[in-house]
Amino acid sequence: MEPLTTAAIAIGSVVATKALEKTGEKVGEALWDKTGQFLVKLRKQSPEIVAAIEKAPEQPLDYGKAVLEVEAAAKADPEVAQATQELAAAAKAEPNPKFAEILAMPNLAKLADKIGQVVMPGGTGNIENMSF
């Protein structure tokens, strides 16, 4: 899995888990645990982005910036990289259909592609804030 896509899925998983929690829906224990582990590891490296992620969906999240910061944190810290990959894997395995529906809303793979275009030298792209 591409690093940007993994980061986008991880961030989307946290937001989707929070959204379902507010409606009384449950997610699997594995996803719940991996979400918590991801946030703990990321908070050590980038507390500002964790604060922004935790405020979503009530406050719009700049997904482009968040994905880039998670990817940078993952490159700088192997524990963050592992937690990001484990969360993305748990998200893909989550059986709750509402979770998959929420996660698919912002089409995270396309978002990651756009971010990759902007980051690459000479690349172009337009990233706008996305919110649920």
# chains A, B, ... in the order shown; residues from 1 in each chain; ligands from 1

call {"tool": "closest_atom_pairs", "arguments": {"of": "region 41-106 of chain A", "to": "region 30-34 of chain A", "cutoff": "10 Å", "atoms": "only C-alpha atoms", "output": "tab-separated table"}}
result
residue	atom	partner	partner_atom	distance
A:Ala83	CA	A:Lys34	CA	7.1
A:Thr84	CA	A:Lys34	CA	8.6
A:Gln85	CA	A:Lys34	CA	9.6
A:Glu86	CA	A:Lys34	CA	6.6
A:Leu87	CA	A:Lys34	CA	5.1
A:Ala88	CA	A:Lys34	CA	8.8
A:Ala89	CA	A:Leu31	CA	8.8
A:Ala90	CA	A:Leu31	CA	5.2
A:Ala91	CA	A:Leu31	CA	6.2
A:Lys92	CA	A:Leu31	CA	9.4
A:Ala93	CA	A:Leu31	CA	8.4
A:Glu94	CA	A:Leu31	CA	6.8
A:Pro95	CA	A:Leu31	CA	9.9

call {"tool": "closest_residue", "arguments": {"among": "A:Ser46, A:Glu71, A:Asn96, A:Glu101", "to": "Glu29 (chain A)", "atoms": "only C-alpha atoms"}}
result
A:Asn96

call {"tool": "closest_residue", "arguments": {"among": "A:Pro97, A:Pro47, A:Pro57, A:Pro78", "to": "Gly28 (chain A)", "atoms": "only C-alpha atoms"}}
result
A:Pro97

call {"tool": "residues_around", "arguments": {"residues": "Ala81 (chain A)", "least_positions_apart": "2", "cutoff": "12 Å", "atoms": "only C-alpha atoms", "output": "list in words"}}
result
Glu2, Pro3, Leu4, Thr6, Ala7, Ala10, Gln37, Phe38, Leu39, Lys41, Leu42, Gln45, Glu69, Val70, Glu71, Ala72, Ala73, Ala74, Lys75, Ala76, Asp77, Pro78, Glu79, Ala83, Thr84, Gln85, Glu86, Leu87 and Ala88 of chain A

call {"tool": "write_last_selection", "arguments": {"atoms": "N, CA, C and O atoms", "output": "short mmCIF file (atom, residue, chain, number, x, y, z; two decimals), in the first residue's frame"}}
result
data_model
loop_
_atom_site.label_atom_id
_atom_site.label_comp_id
_atom_site.auth_asym_id
_atom_site.auth_seq_id
_atom_site.Cartn_x
_atom_site.Cartn_y
_atom_site.Cartn_z
N GLU A 2 0.54 2.24 -0.81
CA GLU A 2 1.28 3.49 -0.88
C GLU A 2 1.23 4.20 0.46
O GLU A 2 0.19 4.21 1.12
N PRO A 3 2.33 4.86 0.87
CA PRO A 3 2.34 5.57 2.15
C PRO A 3 1.25 6.62 2.29
O PRO A 3 0.62 6.75 3.33
N LEU A 4 1.01 7.39 1.22
CA LEU A 4 -0.04 8.42 1.30
C LEU A 4 -1.41 7.79 1.45
O LEU A 4 -2.25 8.28 2.21
N THR A 6 -2.07 4.87 2.77
CA THR A 6 -2.11 4.31 4.13
C THR A 6 -2.42 5.40 5.14
O THR A 6 -3.27 5.22 6.02
N ALA A 7 -1.75 6.54 5.01
CA ALA A 7 -1.99 7.65 5.93
C ALA A 7 -3.43 8.17 5.80
O ALA A 7 -4.09 8.44 6.81
N ALA A 10 -5.77 5.72 7.44
CA ALA A 10 -5.65 5.78 8.90
C ALA A 10 -6.41 6.98 9.44
O ALA A 10 -7.18 6.86 10.42
N GLN A 37 -4.04 3.06 19.49
CA GLN A 37 -2.58 2.93 19.39
C GLN A 37 -2.00 3.93 18.40
O GLN A 37 -0.96 4.55 18.65
N PHE A 38 -2.69 4.09 17.28
CA PHE A 38 -2.25 5.05 16.26
C PHE A 38 -2.19 6.46 16.84
O PHE A 38 -1.19 7.17 16.67
N LEU A 39 -3.25 6.86 17.53
CA LEU A 39 -3.29 8.22 18.08
C LEU A 39 -2.21 8.43 19.14
O LEU A 39 -1.60 9.50 19.21
N LYS A 41 0.76 6.89 19.38
CA LYS A 41 2.07 6.96 18.71
C LYS A 41 2.22 8.28 17.95
O LYS A 41 3.27 8.92 18.01
N LEU A 42 1.17 8.69 17.25
CA LEU A 42 1.24 9.91 16.47
C LEU A 42 1.33 11.14 17.37
O LEU A 42 2.02 12.11 17.04
N GLN A 45 4.78 12.31 18.12
CA GLN A 45 5.49 12.90 16.99
C GLN A 45 4.84 14.20 16.52
O GLN A 45 5.54 15.12 16.12
N GLU A 69 1.31 15.27 7.08
CA GLU A 69 1.93 15.24 8.41
C GLU A 69 2.02 13.83 8.96
O GLU A 69 3.02 13.47 9.58
N VAL A 70 1.00 13.02 8.73
CA VAL A 70 1.06 11.62 9.19
C VAL A 70 2.15 10.88 8.43
O VAL A 70 2.92 10.12 9.02
N GLU A 71 2.25 11.11 7.13
CA GLU A 71 3.30 10.45 6.35
C GLU A 71 4.69 10.89 6.84
O GLU A 71 5.59 10.05 6.98
N ALA A 72 4.87 12.18 7.12
CA ALA A 72 6.16 12.66 7.62
C ALA A 72 6.48 12.05 8.98
O ALA A 72 7.62 11.64 9.24
N ALA A 73 5.47 11.94 9.84
CA ALA A 73 5.68 11.33 11.16
C ALA A 73 6.04 9.85 11.01
O ALA A 73 6.89 9.34 11.73
N ALA A 74 5.40 9.18 10.07
CA ALA A 74 5.69 7.76 9.83
C ALA A 74 7.11 7.57 9.30
O ALA A 74 7.78 6.59 9.67
N LYS A 75 7.57 8.48 8.47
CA LYS A 75 8.94 8.38 7.96
C LYS A 75 9.96 8.63 9.07
O LYS A 75 11.03 8.06 9.07
N ALA A 76 9.60 9.51 10.01
CA ALA A 76 10.53 9.88 11.08
C ALA A 76 10.55 8.87 12.23
O ALA A 76 11.53 8.78 12.95
N ASP A 77 9.46 8.12 12.40
CA ASP A 77 9.34 7.23 13.55
C ASP A 77 8.76 5.88 13.12
O ASP A 77 7.60 5.81 12.71
N PRO A 78 9.56 4.81 13.21
CA PRO A 78 9.07 3.50 12.79
C PRO A 78 7.83 3.03 13.56
O PRO A 78 7.01 2.30 13.01
N GLU A 79 7.67 3.46 14.81
CA GLU A 79 6.49 3.07 15.57
C GLU A 79 5.22 3.71 14.99
O GLU A 79 4.17 3.08 14.94
N ALA A 83 2.11 1.68 13.37
CA ALA A 83 0.75 1.93 13.86
C ALA A 83 -0.16 2.37 12.71
O ALA A 83 -1.33 1.97 12.65
N THR A 84 0.37 3.16 11.78
CA THR A 84 -0.41 3.61 10.62
C THR A 84 -0.78 2.43 9.74
O THR A 84 -1.94 2.29 9.33
N GLN A 85 0.17 1.56 9.46
CA GLN A 85 -0.09 0.38 8.63
C GLN A 85 -1.08 -0.56 9.30
O GLN A 85 -1.99 -1.10 8.65
N GLU A 86 -0.92 -0.77 10.61
CA GLU A 86 -1.83 -1.67 11.33
C GLU A 86 -3.25 -1.11 11.36
O GLU A 86 -4.21 -1.86 11.22
N LEU A 87 -3.39 0.20 11.52
CA LEU A 87 -4.72 0.80 11.52
C LEU A 87 -5.36 0.69 10.14
O LEU A 87 -6.54 0.35 10.03
N ALA A 88 -4.60 0.95 9.10
CA ALA A 88 -5.15 0.82 7.74
C ALA A 88 -5.58 -0.61 7.47
O ALA A 88 -6.65 -0.85 6.88
#

call {"tool": "atom_distance", "arguments": {"atom1": "CA of Glu58 (chain A)", "atom2": "CA of Val40 (chain A)"}}
result
20.9 Å

call {"tool": "closest_residue", "arguments": {"among": "A:Thr35, A:Val50, A:Ala56, A:Lys65", "to": "Lys22 (chain A)", "atoms": "only C-alpha atoms"}}
result
A:Ala56

call {"tool": "atom_distance", "arguments": {"atom1": "CA of Val27 (chain A)", "atom2": "CA of Ile53 (chain A)"}}
result
18.2 Å

call {"tool": "residues_around", "arguments": {"residues": "Ala19 (chain A)", "least_positions_apart": "4", "cutoff": "10 Å", "atoms": "only C-alpha atoms", "output": "MDAnalysis selection string"}}
result
chainID A and resid 13:15 23:25 56:58 99 102 132

call {"tool": "atom_distance", "arguments": {"atom1": "CA of Thr5 (chain A)", "atom2": "CA of Val67 (chain A)"}}
result
8.4 Å

call {"tool": "closest_residue", "arguments": {"among": "A:Glu54, A:Lys26, A:Glu48, A:Gln82", "to": "Gly12 (chain A)", "atoms": "only C-alpha atoms"}}
result
A:Glu54
